[in-house]
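Reproduced below: run_34.cif, with mmCIF, N, CA and C atoms.
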data_query
loop_
_atom_site.label_atom_id
_atom_site.label_comp_id
_atom_site.auth_asym_id
_atom_site.auth_seq_id
_atom_site.Cartn_x
_atom_site.Cartn_y
_atom_site.Cartn_z
N MET X 1 0.81 -1.18 0.00
CA MET X 1 0.00 0.00 0.00
C MET X 1 0.87 1.27 0.00
N GLU X 2 1.86 1.29 0.88
CA GLU X 2 2.73 2.46 0.93
C GLU X 2 3.63 2.54 -0.29
N ARG X 3 3.96 1.40 -0.84
CA ARG X 3 4.76 1.38 -2.05
C ARG X 3 4.00 2.04 -3.20
N ASN X 4 2.70 1.76 -3.30
CA ASN X 4 1.88 2.38 -4.33
C ASN X 4 1.79 3.88 -4.14
N LYS X 5 1.67 4.32 -2.89
CA LYS X 5 1.63 5.75 -2.61
C LYS X 5 2.94 6.42 -3.03
N LEU X 6 4.04 5.76 -2.74
CA LEU X 6 5.35 6.29 -3.11
C LEU X 6 5.50 6.37 -4.63
N LEU X 7 5.04 5.34 -5.33
CA LEU X 7 5.12 5.35 -6.78
C LEU X 7 4.25 6.45 -7.38
N LYS X 8 3.06 6.65 -6.83
CA LYS X 8 2.18 7.72 -7.31
C LYS X 8 2.81 9.08 -7.07
N LYS X 9 3.43 9.25 -5.91
CA LYS X 9 4.07 10.52 -5.59
C LYS X 9 5.24 10.78 -6.55
N GLN X 10 6.04 9.78 -6.83
CA GLN X 10 7.16 9.93 -7.75
C GLN X 10 6.67 10.25 -9.16
N LYS X 11 5.57 9.60 -9.56
CA LYS X 11 5.02 9.85 -10.89
C LYS X 11 4.49 11.28 -10.98
N ARG X 12 3.81 11.75 -9.94
CA ARG X 12 3.30 13.12 -9.90
C ARG X 12 4.44 14.13 -9.99
N ILE X 13 5.51 13.87 -9.26
CA ILE X 13 6.66 14.77 -9.28
C ILE X 13 7.30 14.80 -10.66
N SER X 14 7.42 13.64 -11.31
CA SER X 14 8.03 13.62 -12.64
C SER X 14 7.14 14.33 -13.67
N VAL X 15 5.83 14.20 -13.55
CA VAL X 15 4.92 14.91 -14.45
C VAL X 15 5.03 16.41 -14.24
N LEU X 16 5.10 16.84 -12.99
CA LEU X 16 5.25 18.27 -12.71
C LEU X 16 6.57 18.82 -13.24
N LYS X 17 7.63 18.03 -13.15
CA LYS X 17 8.92 18.46 -13.69
C LYS X 17 8.82 18.64 -15.21
N ARG X 18 8.19 17.69 -15.88
CA ARG X 18 8.04 17.79 -17.34
C ARG X 18 7.21 19.01 -17.72
N LEU X 19 6.11 19.24 -17.00
CA LEU X 19 5.27 20.40 -17.28
C LEU X 19 6.03 21.70 -17.05
N CYS X 20 6.84 21.74 -16.02
CA CYS X 20 7.64 22.92 -15.73
C CYS X 20 8.65 23.18 -16.85
N ILE X 21 9.32 22.15 -17.31
CA ILE X 21 10.29 22.30 -18.39
C ILE X 21 9.61 22.74 -19.67
N ILE X 22 8.47 22.14 -20.00
CA ILE X 22 7.75 22.50 -21.22
C ILE X 22 7.27 23.95 -21.14
N SER X 23 6.76 24.36 -19.97
CA SER X 23 6.29 25.74 -19.84
C SER X 23 7.45 26.73 -19.92
N LEU X 24 8.62 26.38 -19.39
CA LEU X 24 9.78 27.26 -19.50
C LEU X 24 10.25 27.39 -20.95
N ILE X 25 10.19 26.30 -21.70
CA ILE X 25 10.57 26.35 -23.12
C ILE X 25 9.59 27.24 -23.89
N ILE X 26 8.31 27.10 -23.60
CA ILE X 26 7.30 27.94 -24.27
C ILE X 26 7.51 29.41 -23.93
N LEU X 27 7.77 29.71 -22.66
CA LEU X 27 8.03 31.10 -22.27
C LEU X 27 9.30 31.65 -22.93
N PHE X 28 10.32 30.81 -23.06
CA PHE X 28 11.55 31.23 -23.73
C PHE X 28 11.28 31.58 -25.19
N ILE X 29 10.52 30.73 -25.87
CA ILE X 29 10.22 30.98 -27.28
C ILE X 29 9.38 32.24 -27.45
N LEU X 30 8.38 32.43 -26.60
CA LEU X 30 7.57 33.63 -26.66
C LEU X 30 8.39 34.89 -26.37
N GLY X 31 9.27 34.82 -25.40
CA GLY X 31 10.15 35.95 -25.08
C GLY X 31 11.09 36.28 -26.22
N MET X 32 11.64 35.26 -26.86
CA MET X 32 12.53 35.49 -27.99
C MET X 32 11.76 36.08 -29.17
N ASP X 33 10.51 35.71 -29.32
CA ASP X 33 9.68 36.30 -30.38
C ASP X 33 9.45 37.78 -30.13
N ILE X 34 9.21 38.16 -28.89
CA ILE X 34 9.03 39.57 -28.55
C ILE X 34 10.32 40.35 -28.80
N VAL X 35 11.45 39.77 -28.43
CA VAL X 35 12.74 40.42 -28.69
C VAL X 35 12.97 40.56 -30.18
N ASN X 36 12.61 39.54 -30.94
CA ASN X 36 12.75 39.57 -32.39
C ASN X 36 11.92 40.71 -33.00
N GLN X 37 10.68 40.88 -32.51
CA GLN X 37 9.83 41.95 -33.01
C GLN X 37 10.41 43.32 -32.68
N ASN X 38 10.99 43.47 -31.50
CA ASN X 38 11.59 44.75 -31.13
C ASN X 38 12.83 45.06 -31.97
N ILE X 39 13.60 44.05 -32.30
CA ILE X 39 14.78 44.26 -33.14
C ILE X 39 14.36 44.68 -34.53
N VAL X 40 13.28 44.11 -35.05
CA VAL X 40 12.78 44.49 -36.37
C VAL X 40 12.29 45.93 -36.33
N GLU X 41 11.58 46.32 -35.28
CA GLU X 41 11.07 47.68 -35.17
C GLU X 41 12.20 48.70 -35.05
N LEU X 42 13.22 48.37 -34.29
CA LEU X 42 14.33 49.31 -34.07
C LEU X 42 15.38 49.27 -35.17
N ASP X 43 15.31 48.26 -36.03
CA ASP X 43 16.25 48.08 -37.15
C ASP X 43 17.70 48.07 -36.65
N CYS X 44 17.96 47.20 -35.67
CA CYS X 44 19.29 47.14 -35.04
C CYS X 44 20.25 46.22 -35.78
N LEU X 45 19.78 45.13 -36.32
CA LEU X 45 20.65 44.13 -36.93
C LEU X 45 20.34 43.97 -38.41
N ASP X 46 21.34 43.43 -39.15
CA ASP X 46 21.13 43.16 -40.57
C ASP X 46 20.15 42.01 -40.77
N ASN X 47 20.32 40.94 -39.98
CA ASN X 47 19.42 39.79 -40.04
C ASN X 47 18.64 39.72 -38.73
N PRO X 48 17.42 40.22 -38.70
CA PRO X 48 16.69 40.32 -37.43
C PRO X 48 16.05 39.03 -36.95
N ASN X 49 16.19 37.93 -37.67
CA ASN X 49 15.55 36.68 -37.26
C ASN X 49 16.38 35.99 -36.19
N ILE X 50 16.08 36.27 -34.94
CA ILE X 50 16.75 35.56 -33.85
C ILE X 50 16.16 34.17 -33.72
N ILE X 51 14.85 34.11 -33.67
CA ILE X 51 14.18 32.82 -33.59
C ILE X 51 12.88 32.89 -34.39
N ARG X 52 12.68 31.89 -35.24
CA ARG X 52 11.46 31.81 -36.04
C ARG X 52 11.19 30.34 -36.29
N PHE X 53 9.93 29.96 -36.15
CA PHE X 53 9.54 28.56 -36.31
C PHE X 53 8.38 28.49 -37.29
N ASN X 54 8.57 27.76 -38.39
CA ASN X 54 7.54 27.62 -39.41
C ASN X 54 7.21 26.13 -39.55
N VAL X 55 6.00 25.76 -39.15
CA VAL X 55 5.60 24.35 -39.16
C VAL X 55 5.32 23.87 -40.58
N GLU X 56 4.74 24.73 -41.41
CA GLU X 56 4.37 24.32 -42.78
C GLU X 56 5.59 23.92 -43.60
N SER X 57 6.66 24.70 -43.52
CA SER X 57 7.86 24.36 -44.29
C SER X 57 8.86 23.57 -43.46
N ARG X 58 8.51 23.28 -42.21
CA ARG X 58 9.35 22.50 -41.30
C ARG X 58 10.74 23.13 -41.14
N GLU X 59 10.75 24.44 -40.93
CA GLU X 59 12.00 25.16 -40.76
C GLU X 59 12.04 25.84 -39.40
N PHE X 60 13.25 25.91 -38.87
CA PHE X 60 13.50 26.58 -37.60
C PHE X 60 14.70 27.48 -37.80
N ASP X 61 14.51 28.79 -37.66
CA ASP X 61 15.60 29.76 -37.80
C ASP X 61 16.07 30.16 -36.42
N LEU X 62 17.36 30.06 -36.19
CA LEU X 62 17.95 30.45 -34.93
C LEU X 62 19.19 31.28 -35.21
N PHE X 63 19.14 32.55 -34.85
CA PHE X 63 20.22 33.50 -35.07
C PHE X 63 20.66 33.54 -36.52
N GLY X 64 19.70 33.52 -37.43
CA GLY X 64 19.98 33.65 -38.85
C GLY X 64 20.33 32.36 -39.57
N VAL X 65 20.45 31.26 -38.87
CA VAL X 65 20.76 29.97 -39.49
C VAL X 65 19.48 29.15 -39.54
N THR X 66 19.19 28.58 -40.72
CA THR X 66 17.96 27.82 -40.91
C THR X 66 18.23 26.33 -40.72
N TYR X 67 17.39 25.69 -39.92
CA TYR X 67 17.47 24.25 -39.69
C TYR X 67 16.15 23.63 -40.16
N VAL X 68 16.25 22.46 -40.77
CA VAL X 68 15.07 21.72 -41.20
C VAL X 68 14.76 20.67 -40.13
N ILE X 69 13.50 20.61 -39.72
CA ILE X 69 13.09 19.71 -38.65
C ILE X 69 12.35 18.52 -39.24
N ASP X 70 12.78 17.33 -38.86
CA ASP X 70 12.09 16.11 -39.26
C ASP X 70 11.23 15.66 -38.08
N PHE X 71 9.92 15.86 -38.20
CA PHE X 71 9.02 15.56 -37.09
C PHE X 71 8.94 14.06 -36.80
N ASN X 72 9.13 13.21 -37.81
CA ASN X 72 9.10 11.77 -37.56
C ASN X 72 10.28 11.35 -36.69
N LEU X 73 11.44 11.94 -36.95
CA LEU X 73 12.61 11.65 -36.13
C LEU X 73 12.40 12.13 -34.70
N LEU X 74 11.82 13.32 -34.56
CA LEU X 74 11.53 13.86 -33.23
C LEU X 74 10.50 12.99 -32.50
N LYS X 75 9.49 12.54 -33.22
CA LYS X 75 8.45 11.69 -32.63
C LYS X 75 9.06 10.37 -32.14
N ASN X 76 9.92 9.76 -32.95
CA ASN X 76 10.56 8.51 -32.55
C ASN X 76 11.49 8.71 -31.35
N PHE X 77 12.18 9.84 -31.32
CA PHE X 77 13.05 10.14 -30.19
C PHE X 77 12.25 10.26 -28.91
N LEU X 78 11.12 10.96 -28.97
CA LEU X 78 10.28 11.12 -27.78
C LEU X 78 9.68 9.79 -27.34
N LYS X 79 9.32 8.94 -28.29
CA LYS X 79 8.78 7.62 -27.94
C LYS X 79 9.81 6.78 -27.20
N ASP X 80 11.06 6.85 -27.67
CA ASP X 80 12.10 6.00 -27.09
C ASP X 80 12.59 6.49 -25.73
N HIS X 81 12.54 7.78 -25.49
CA HIS X 81 13.20 8.32 -24.31
C HIS X 81 12.27 8.77 -23.19
N PHE X 82 10.99 8.77 -23.40
CA PHE X 82 10.08 9.22 -22.35
C PHE X 82 8.98 8.19 -22.15
N SER X 83 8.52 8.10 -20.93
CA SER X 83 7.51 7.10 -20.61
C SER X 83 6.12 7.53 -21.06
N TRP X 84 5.92 8.79 -21.40
CA TRP X 84 4.61 9.26 -21.84
C TRP X 84 4.46 9.18 -23.35
N SER X 85 5.05 8.12 -23.94
CA SER X 85 5.01 7.97 -25.40
C SER X 85 3.63 7.62 -25.93
N PHE X 86 2.71 7.22 -25.06
CA PHE X 86 1.37 6.87 -25.53
C PHE X 86 0.64 8.10 -26.09
N TYR X 87 1.13 9.32 -25.81
CA TYR X 87 0.52 10.52 -26.38
C TYR X 87 0.83 10.67 -27.87
N PHE X 88 1.87 10.01 -28.35
CA PHE X 88 2.33 10.20 -29.72
C PHE X 88 1.99 9.03 -30.62
N THR X 89 0.97 8.28 -30.32
CA THR X 89 0.62 7.14 -31.17
C THR X 89 -0.45 7.51 -32.15
#
What does this structure look like when you write it as structure tokens?
Amino acid sequence: MERNKLLKKQKRISVLKRLCIISLIILFILGMDIVNQNIVELDCLDNPNIIRFNVESREFDLFGVTYVIDFNLLKNFLKDHFSWSFYFT
């Protein structure tokens, strides 16, 4: 009985940690978007794209460098490394 309580508590803590990390990443991206808009308005840099994410073309721009994202590879990585892989089926 106590073992089950301990397991539930550990699971709750791990879920809260994941939610905290995900929310921090979202806040970081939103903050960088606001900074990007201010740089465009002030015309401070030659290439104002600090961070930009385009889902349709599967591109991610970070500090002027464009990266192509393979969502299938990301999906498989998340399935293999996290226990909440049932969300991605």
CA of Gly31 (chain X) to CA of Asp46 (chain X), distance in Å rounded to a single decimal: 20.3 Å
Helix (DSSP H, G or I) residues, from DSSP on the backbone, in chain X, as a VMD selection string: chain X and resid 2 to 42 71 to 81 85 to 88
Hits of the PyMOL selection byres (((chain X and resi 69-74 and name CA) around 6) and name CA) in this structure, as a CSV table (one decimal) with N, CA and C atoms, in the coordinates of the input:
chain,number,residue,atom,x,y,z
X,58,ARG,N,8.5,23.3,-42.2
X,58,ARG,CA,9.4,22.5,-41.3
X,58,ARG,C,10.7,23.1,-41.1
X,59,GLU,N,10.8,24.4,-40.9
X,59,GLU,CA,12.0,25.2,-40.8
X,59,GLU,C,12.0,25.8,-39.4
X,68,VAL,N,16.2,22.5,-40.8
X,68,VAL,CA,15.1,21.7,-41.2
X,68,VAL,C,14.8,20.7,-40.1
X,75,LYS,N,9.5,12.5,-33.2
X,75,LYS,CA,8.4,11.7,-32.6
X,75,LYS,C,9.1,10.4,-32.1
X,76,ASN,N,9.9,9.8,-33.0
X,76,ASN,CA,10.6,8.5,-32.6
X,76,ASN,C,11.5,8.7,-31.4
X,77,PHE,N,12.2,9.8,-31.3
X,77,PHE,CA,13.0,10.1,-30.2
X,77,PHE,C,12.2,10.3,-28.9
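From atom C of Ile29 (chain X) back to CA of Val65 (chain X), the distance works out to 16.7 Å.
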Result set, the PyMOL selection byres ((chain X and resi 51) around 8) on current file, as a PyMOL selection string: chain X and resi 29+32-33+35-36+48-50+52-54+60-64
DSSP strand (DSSP E) residues within chain X, as a PyMOL selection string: chain X and resi 51-54+59-62+65-68
For the residues in the current selection, export N, CA and C atoms as an mmCIF file, keeping the file's coordinate frame.
data_model
loop_
_atom_site.group_PDB
_atom_site.id
_atom_site.type_symbol
_atom_site.label_atom_id
_atom_site.label_comp_id
_atom_site.auth_asym_id
_atom_site.auth_seq_id
_atom_site.Cartn_x
_atom_site.Cartn_y
_atom_site.Cartn_z
ATOM 1 N N ILE X 51 14.850 34.110 -33.670
ATOM 2 C CA ILE X 51 14.180 32.820 -33.590
ATOM 3 C C ILE X 51 12.880 32.890 -34.390
ATOM 4 N N ARG X 52 12.680 31.890 -35.240
ATOM 5 C CA ARG X 52 11.460 31.810 -36.040
ATOM 6 C C ARG X 52 11.190 30.340 -36.290
ATOM 7 N N PHE X 53 9.930 29.960 -36.150
ATOM 8 C CA PHE X 53 9.540 28.560 -36.310
ATOM 9 C C PHE X 53 8.380 28.490 -37.290
ATOM 10 N N ASN X 54 8.570 27.760 -38.390
ATOM 11 C CA ASN X 54 7.540 27.620 -39.410
ATOM 12 C C ASN X 54 7.210 26.130 -39.550
ATOM 13 N N GLU X 59 10.750 24.440 -40.930
ATOM 14 C CA GLU X 59 12.000 25.160 -40.760
ATOM 15 C C GLU X 59 12.040 25.840 -39.400
ATOM 16 N N PHE X 60 13.250 25.910 -38.870
ATOM 17 C CA PHE X 60 13.500 26.580 -37.600
ATOM 18 C C PHE X 60 14.700 27.480 -37.800
ATOM 19 N N ASP X 61 14.510 28.790 -37.660
ATOM 20 C CA ASP X 61 15.600 29.760 -37.800
ATOM 21 C C ASP X 61 16.070 30.160 -36.420
ATOM 22 N N LEU X 62 17.360 30.060 -36.190
ATOM 23 C CA LEU X 62 17.950 30.450 -34.930
ATOM 24 C C LEU X 62 19.190 31.280 -35.210
ATOM 25 N N VAL X 65 20.450 31.260 -38.870
ATOM 26 C CA VAL X 65 20.760 29.970 -39.490
ATOM 27 C C VAL X 65 19.480 29.150 -39.540
ATOM 28 N N THR X 66 19.190 28.580 -40.720
ATOM 29 C CA THR X 66 17.960 27.820 -40.910
ATOM 30 C C THR X 66 18.230 26.330 -40.720
ATOM 31 N N TYR X 67 17.390 25.690 -39.920
ATOM 32 C CA TYR X 67 17.470 24.250 -39.690
ATOM 33 C C TYR X 67 16.150 23.630 -40.160
ATOM 34 N N VAL X 68 16.250 22.460 -40.770
ATOM 35 C CA VAL X 68 15.070 21.720 -41.200
ATOM 36 C C VAL X 68 14.760 20.670 -40.130
#
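As for CA of Arg18 (chain X) and CA of Leu78 (chain X), they are spaced 12.6 Å apart.
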